[in-house]
Amino acid sequence: MADPAPLSGRRALITGGASGIGRACALRLGEAGAHVVVVDRDAEAAKAVAESVGGTAVAVDLSDLDAVDALDLDVDILVNNAGLQHVAPLHEFPVDRFSYILRLMLEAPFRLVRGALPHMYERGWGRVVNISSIHGLRASAYKSAYVTAKHGLEGLSKVIAVEGAEHGVTSNCVNPAYVRTPLVEGQIADQAKAHGLSEDEVVERVMLAPAAIKRLIEPAEVAEAVAFLCSPAATSVTGTSLVMDGGWSAH
């Protein structure tokens, strides 16, 4: 029989863990026996999630790189999930917003990995799971910062995999299409106003147009993929991207 708590004794840090995909990952890894460290800038929400899994909440703004460096990164599992979106044409994209998104979604993961790897190496075991996106593999108009950050995260993940292999550390990306999260729900509302469509029409005509499976992905589905990549069954899975795009990239 499979071990009901394969991550017992492991410490897992999840960024953006207070809601959406991060919250689902916290619940799932907690269920697998890990002690979960929920990192989020929303202190109250992080505390609520941490309490629900018997974990620890840490309130921090990951765009503050000094604060990132100050975190306790003695962990076995690192899930880089925190992110945000900004939609604008390239020639109008705010330069400070571009820098902010890359700092939060690419440089912060680098700093977190840099701090966590020595602990993983010392134990000869570690799992880095980067929540990428179909936009880590495909581009969409008006999302220059997000697409750039996710493509960069893909490259970083591969380097971690190559360097970490001899130390028992794996590194992979999970690449969902649109997931039913607060971030996506905000995009739906914005696009509905911009295009004069209902929110249902935005989902059907805009977001799901490239996909074969016509529904939003649930956060729990992404969390299951993360749990698999942390499991004994995935010991040989590293340096790759687990694509959950409903057939988007099959075209």
# chains A, B, ... in the order shown; residues from 1 in each chain; ligands from 1
>>> closest_atom_pairs(of="segment 32-141 of chain A", to="segment 180-193 of chain A", cutoff="10 Å", atoms="only C-alpha atoms", output="Markdown table")
| residue | atom | partner | partner_atom | distance |
| --- | --- | --- | --- | --- |
| A:Gly83 | CA | A:Leu183 | CA | 8.7 |
| A:Leu84 | CA | A:Leu183 | CA | 6.9 |
| A:Gln85 | CA | A:Leu183 | CA | 7.4 |
| A:His86 | CA | A:Gln187 | CA | 9.2 |
| A:Val87 | CA | A:Gln187 | CA | 8.9 |
>>> write_last_selection(atoms="N, CA and C atoms", output="mmCIF file, in the first residue's frame")
data_model
loop_
_atom_site.group_PDB
_atom_site.id
_atom_site.type_symbol
_atom_site.label_atom_id
_atom_site.label_comp_id
_atom_site.auth_asym_id
_atom_site.auth_seq_id
_atom_site.Cartn_x
_atom_site.Cartn_y
_atom_site.Cartn_z
ATOM 1 N N GLY A 83 2.602 35.176 -7.622
ATOM 2 C CA GLY A 83 2.673 35.909 -8.870
ATOM 3 C C GLY A 83 1.519 36.873 -9.041
ATOM 4 N N LEU A 84 1.597 37.674 -10.078
ATOM 5 C CA LEU A 84 0.517 38.593 -10.410
ATOM 6 C C LEU A 84 0.572 38.870 -11.898
ATOM 7 N N GLN A 85 -0.441 39.543 -12.392
ATOM 8 C CA GLN A 85 -0.558 39.804 -13.820
ATOM 9 C C GLN A 85 -0.743 41.297 -14.055
ATOM 10 N N HIS A 86 -0.242 41.782 -15.162
ATOM 11 C CA HIS A 86 -0.552 43.139 -15.619
ATOM 12 C C HIS A 86 -0.690 43.075 -17.130
ATOM 13 N N VAL A 87 -1.766 43.621 -17.643
ATOM 14 C CA VAL A 87 -2.071 43.517 -19.072
ATOM 15 C C VAL A 87 -1.993 44.899 -19.714
#
>>> residues_around(residues="Thr148 of chain A", least_positions_apart="3", cutoff="8 Å", atoms="only C-alpha atoms", output="PDB file with C-alpha atoms, in the first residue's frame")
ATOM      1  CA  LEU A 102      10.234  40.156 -12.730  1.00  0.00           C
ATOM      2  CA  GLY A 136       6.064  29.708 -19.730  1.00  0.00           C
ATOM      3  CA  SER A 144       5.049  40.876 -21.710  1.00  0.00           C
ATOM      4  CA  ALA A 145       6.186  40.882 -18.077  1.00  0.00           C
ATOM      5  CA  HIS A 151       9.915  31.780 -19.488  1.00  0.00           C
ATOM      6  CA  GLY A 152      12.750  32.780 -17.173  1.00  0.00           C
TER       7      GLY A 152
END
>>> closest_atom_pairs(of="segment 58-85 of chain A", to="segment 208-232 of chain A", cutoff="10 Å", atoms="only C-alpha atoms", output="JSON lines")
{"residue": "A:Asp76", "atom": "CA", "partner": "A:Cys230", "partner_atom": "CA", "distance": 9.8}
{"residue": "A:Ile77", "atom": "CA", "partner": "A:Cys230", "partner_atom": "CA", "distance": 7.6}
{"residue": "A:Leu78", "atom": "CA", "partner": "A:Cys230", "partner_atom": "CA", "distance": 9.8}
{"residue": "A:Val79", "atom": "CA", "partner": "A:Val226", "partner_atom": "CA", "distance": 8.3}
>>> atom_distance(atom1="atom CA of Ser133 of chain A", atom2="atom CA of Ala59 of chain A")
24.7 Å
>>> closest_residue(among="A:Ile101, A:Ala82, A:Leu71, A:Val38", to="Val147 of chain A", atoms="only C-alpha atoms")
A:Ile101
>>> residues_around(residues="Leu29 of chain A", least_positions_apart="4", cutoff="8 Å", atoms="only C-alpha atoms", output="MDAnalysis selection string")
chainID A and resid 7 12 25 33:34 36 227
>>> write_last_selection(atoms="C-alpha atoms", output="tab-separated table (two decimals), in the first residue's frame")
chain	number	residue	atom	x	y	z
A	7	LEU	CA	6.14	13.72	3.24
A	12	ALA	CA	7.58	22.63	2.71
A	25	CYS	CA	-0.82	23.15	-2.45
A	33	GLY	CA	2.42	14.85	6.13
A	34	ALA	CA	4.62	17.88	5.46
A	36	VAL	CA	3.85	23.64	5.65
A	227	ALA	CA	2.22	16.45	-4.69
>>> closest_residue(among="A:Tyr142, A:Trp125, A:Phe110, A:Trp248", to="Asn175 of chain A", atoms="only C-alpha atoms")
A:Trp248
>>> residues_around(residues="Ala108 of chain A", least_positions_apart="4", cutoff="7 Å", atoms="only C-alpha atoms", output="number ranges by chain")
A: 62-63, 65, 68, 103-104, 112
>>> closest_residue(among="A:Leu137, A:Val129, A:Ala45, A:Val243", to="Val58 of chain A", atoms="only C-alpha atoms")
A:Ala45
>>> atom_distance(atom1="atom CA of Val169 of chain A", atom2="atom CA of His119 of chain A")
10.6 Å
>>> residues_around(residues="segment 47-53 of chain A", least_positions_apart="5", cutoff="12 Å", atoms="only C-alpha atoms", output="PDB file with N, CA and C atoms, in the first residue's frame")
ATOM      1  N   ALA A  12       7.889  22.085   4.028  1.00  0.00           N
ATOM      2  CA  ALA A  12       7.584  22.633   2.710  1.00  0.00           C
ATOM      3  C   ALA A  12       7.235  24.105   2.798  1.00  0.00           C
ATOM      4  N   LEU A  13       7.927  24.934   2.034  1.00  0.00           N
ATOM      5  CA  LEU A  13       7.637  26.367   1.988  1.00  0.00           C
ATOM      6  C   LEU A  13       6.922  26.677   0.679  1.00  0.00           C
ATOM      7  N   ILE A  14       5.771  27.347   0.786  1.00  0.00           N
ATOM      8  CA  ILE A  14       4.956  27.673  -0.377  1.00  0.00           C
ATOM      9  C   ILE A  14       4.742  29.177  -0.423  1.00  0.00           C
ATOM     10  N   GLY A  16       2.968  32.627  -1.874  1.00  0.00           N
ATOM     11  CA  GLY A  16       1.598  32.907  -2.314  1.00  0.00           C
ATOM     12  C   GLY A  16       0.651  31.844  -1.810  1.00  0.00           C
ATOM     13  N   GLY A  17       0.934  31.360  -0.591  1.00  0.00           N
ATOM     14  CA  GLY A  17       0.210  30.205  -0.060  1.00  0.00           C
ATOM     15  C   GLY A  17      -1.128  30.497   0.582  1.00  0.00           C
ATOM     16  N   ALA A  18      -1.541  31.768   0.590  1.00  0.00           N
ATOM     17  CA  ALA A  18      -2.773  32.123   1.298  1.00  0.00           C
ATOM     18  C   ALA A  18      -4.033  31.947   0.473  1.00  0.00           C
ATOM     19  N   SER A  19      -3.887  31.797  -0.853  1.00  0.00           N
ATOM     20  CA  SER A  19      -5.085  31.678  -1.690  1.00  0.00           C
ATOM     21  C   SER A  19      -4.747  30.938  -2.977  1.00  0.00           C
ATOM     22  N   GLY A  20      -5.787  30.603  -3.728  1.00  0.00           N
ATOM     23  CA  GLY A  20      -5.608  30.035  -5.054  1.00  0.00           C
ATOM     24  C   GLY A  20      -4.797  28.753  -5.077  1.00  0.00           C
ATOM     25  N   GLY A  22      -1.644  28.304  -4.387  1.00  0.00           N
ATOM     26  CA  GLY A  22      -0.789  28.163  -3.209  1.00  0.00           C
ATOM     27  C   GLY A  22      -1.524  27.552  -2.034  1.00  0.00           C
ATOM     28  N   ARG A  23      -2.741  28.011  -1.810  1.00  0.00           N
ATOM     29  CA  ARG A  23      -3.544  27.454  -0.718  1.00  0.00           C
ATOM     30  C   ARG A  23      -3.833  25.977  -0.961  1.00  0.00           C
ATOM     31  N   ALA A  24      -4.192  25.628  -2.196  1.00  0.00           N
ATOM     32  CA  ALA A  24      -4.469  24.233  -2.522  1.00  0.00           C
ATOM     33  C   ALA A  24      -3.228  23.364  -2.311  1.00  0.00           C
ATOM     34  N   CYS A  25      -2.063  23.892  -2.661  1.00  0.00           N
ATOM     35  CA  CYS A  25      -0.815  23.151  -2.445  1.00  0.00           C
ATOM     36  C   CYS A  25      -0.530  22.970  -0.955  1.00  0.00           C
ATOM     37  N   ALA A  26      -0.804  24.011  -0.170  1.00  0.00           N
ATOM     38  CA  ALA A  26      -0.595  23.915   1.271  1.00  0.00           C
ATOM     39  C   ALA A  26      -1.462  22.810   1.871  1.00  0.00           C
ATOM     40  N   LEU A  27      -2.724  22.784   1.465  1.00  0.00           N
ATOM     41  CA  LEU A  27      -3.639  21.759   1.984  1.00  0.00           C
ATOM     42  C   LEU A  27      -3.180  20.363   1.564  1.00  0.00           C
ATOM     43  N   ARG A  28      -2.771  20.226   0.305  1.00  0.00           N
ATOM     44  CA  ARG A  28      -2.404  18.907  -0.216  1.00  0.00           C
ATOM     45  C   ARG A  28      -1.092  18.402   0.389  1.00  0.00           C
ATOM     46  N   LEU A  29      -0.086  19.251   0.507  1.00  0.00           N
ATOM     47  CA  LEU A  29       1.187  18.809   1.075  1.00  0.00           C
ATOM     48  C   LEU A  29       1.060  18.582   2.576  1.00  0.00           C
ATOM     49  N   GLY A  30       0.189  19.373   3.220  1.00  0.00           N
ATOM     50  CA  GLY A  30      -0.091  19.119   4.634  1.00  0.00           C
ATOM     51  C   GLY A  30      -0.747  17.767   4.827  1.00  0.00           C
ATOM     52  N   GLU A  31      -1.657  17.432   3.939  1.00  0.00           N
ATOM     53  CA  GLU A  31      -2.336  16.133   3.970  1.00  0.00           C
ATOM     54  C   GLU A  31      -1.330  14.990   3.788  1.00  0.00           C
ATOM     55  N   ALA A  32      -0.262  15.256   3.013  1.00  0.00           N
ATOM     56  CA  ALA A  32       0.769  14.243   2.763  1.00  0.00           C
ATOM     57  C   ALA A  32       1.787  14.156   3.896  1.00  0.00           C
ATOM     58  N   GLY A  33       1.577  14.958   4.945  1.00  0.00           N
ATOM     59  CA  GLY A  33       2.423  14.846   6.133  1.00  0.00           C
ATOM     60  C   GLY A  33       3.463  15.924   6.313  1.00  0.00           C
ATOM     61  N   ALA A  34       3.598  16.837   5.350  1.00  0.00           N
ATOM     62  CA  ALA A  34       4.616  17.883   5.464  1.00  0.00           C
ATOM     63  C   ALA A  34       4.209  18.945   6.468  1.00  0.00           C
ATOM     64  N   HIS A  35       5.218  19.541   7.098  1.00  0.00           N
ATOM     65  CA  HIS A  35       4.977  20.764   7.870  1.00  0.00           C
ATOM     66  C   HIS A  35       5.049  21.908   6.869  1.00  0.00           C
ATOM     67  N   VAL A  36       3.954  22.637   6.701  1.00  0.00           N
ATOM     68  CA  VAL A  36       3.853  23.639   5.645  1.00  0.00           C
ATOM     69  C   VAL A  36       4.109  25.038   6.186  1.00  0.00           C
ATOM     70  N   VAL A  37       5.007  25.743   5.522  1.00  0.00           N
ATOM     71  CA  VAL A  37       5.272  27.148   5.813  1.00  0.00           C
ATOM     72  C   VAL A  37       4.567  27.971   4.739  1.00  0.00           C
ATOM     73  N   VAL A  38       3.530  28.686   5.154  1.00  0.00           N
ATOM     74  CA  VAL A  38       2.711  29.467   4.221  1.00  0.00           C
ATOM     75  C   VAL A  38       3.248  30.890   4.175  1.00  0.00           C
ATOM     76  N   VAL A  39       3.845  31.245   3.044  1.00  0.00           N
ATOM     77  CA  VAL A  39       4.421  32.579   2.877  1.00  0.00           C
ATOM     78  C   VAL A  39       3.497  33.408   1.989  1.00  0.00           C
ATOM     79  N   ASP A  40       3.090  34.568   2.502  1.00  0.00           N
ATOM     80  CA  ASP A  40       2.193  35.430   1.731  1.00  0.00           C
ATOM     81  C   ASP A  40       2.260  36.831   2.324  1.00  0.00           C
ATOM     82  N   ARG A  41       1.934  37.827   1.520  1.00  0.00           N
ATOM     83  CA  ARG A  41       1.919  39.193   2.066  1.00  0.00           C
ATOM     84  C   ARG A  41       0.647  39.460   2.862  1.00  0.00           C
ATOM     85  N   ASP A  42      -0.385  38.639   2.661  1.00  0.00           N
ATOM     86  CA  ASP A  42      -1.633  38.754   3.419  1.00  0.00           C
ATOM     87  C   ASP A  42      -1.487  37.935   4.704  1.00  0.00           C
ATOM     88  N   VAL A  58       4.100  32.914   7.495  1.00  0.00           N
ATOM     89  CA  VAL A  58       5.127  33.957   7.450  1.00  0.00           C
ATOM     90  C   VAL A  58       4.628  35.053   6.515  1.00  0.00           C
ATOM     91  N   ALA A  59       4.466  36.257   7.050  1.00  0.00           N
ATOM     92  CA  ALA A  59       4.000  37.388   6.246  1.00  0.00           C
ATOM     93  C   ALA A  59       5.211  38.125   5.686  1.00  0.00           C
TER      94      ALA A  59
END
>>> select_by_dssp(residues="segment 101-201 of chain A", states="alpha helix (DSSP H)", output="ChimeraX atom specification")
/A:101-102,108-123,144-164,182-195,199-201
>>> closest_residue(among="A:Lys150, A:Pro89, A:Ile160, A:Ile134", to="Ala116 of chain A", atoms="only C-alpha atoms")
A:Ile160
>>> closest_residue(among="A:Ser132, A:Leu153, A:Val179, A:Leu90", to="Leu242 of chain A", atoms="only C-alpha atoms")
A:Ser132
>>> atom_distance(atom1="atom CA of Ile21 of chain A", atom2="atom CA of Asn81 of chain A")
7.5 Å
>>> residues_around(residues="Tyr121 of chain A", least_positions_apart="3", cutoff="12 Å", atoms="only C-alpha atoms", output="list in words")
Asp74, Val75, Asp76, Ile77, Val113, Arg114, Gly115, Ala116, Leu117, Pro118, Gly124, Trp125, Gly126, Arg127, Ile160, Glu163, Gly164, Ala165, Glu166, His167, Gly168, Val169 and Thr170 of chain A
>>> write_last_selection(atoms="C-alpha atoms", output="JSON list (two decimals), in the first residue's frame")
[["chain", "number", "residue", "atom", "x", "y", "z"],
["A", 74, "ASP", "CA", 15.91, 25.41, 5.98],
["A", 75, "VAL", "CA", 13.27, 23.48, 4.02],
["A", 76, "ASP", "CA", 13.02, 20.23, 2.09],
["A", 77, "ILE", "CA", 10.40, 21.39, -0.42],
["A", 113, "VAL", "CA", 16.29, 28.56, -4.20],
["A", 114, "ARG", "CA", 19.75, 29.97, -3.52],
["A", 115, "GLY", "CA", 19.00, 29.98, 0.21],
["A", 116, "ALA", "CA", 17.25, 26.60, 0.32],
["A", 117, "LEU", "CA", 19.62, 24.47, -1.76],
["A", 118, "PRO", "CA", 22.47, 24.21, 0.78],
["A", 124, "GLY", "CA", 20.71, 14.67, 0.11],
["A", 125, "TRP", "CA", 17.02, 15.29, -0.68],
["A", 126, "GLY", "CA", 14.99, 18.19, -1.96],
["A", 127, "ARG", "CA", 12.11, 19.15, -4.21],
["A", 160, "ILE", "CA", 18.42, 23.80, -10.63],
["A", 163, "GLU", "CA", 23.00, 21.25, -10.55],
["A", 164, "GLY", "CA", 20.84, 19.49, -7.95],
["A", 165, "ALA", "CA", 20.72, 16.01, -9.45],
["A", 166, "GLU", "CA", 23.87, 14.72, -7.76],
["A", 167, "HIS", "CA", 22.54, 15.98, -4.41],
["A", 168, "GLY", "CA", 19.16, 14.25, -4.59],
["A", 169, "VAL", "CA", 17.31, 17.44, -5.51],
["A", 170, "THR", "CA", 14.75, 17.57, -8.33]]
>>> select_by_dssp(residues="segment 2-239 of chain A", states="strand (DSSP E or B)", output="PyMOL selection string")
chain A and resi 11-15+35-40+56-59+77-80+126-131+169-176+179+217
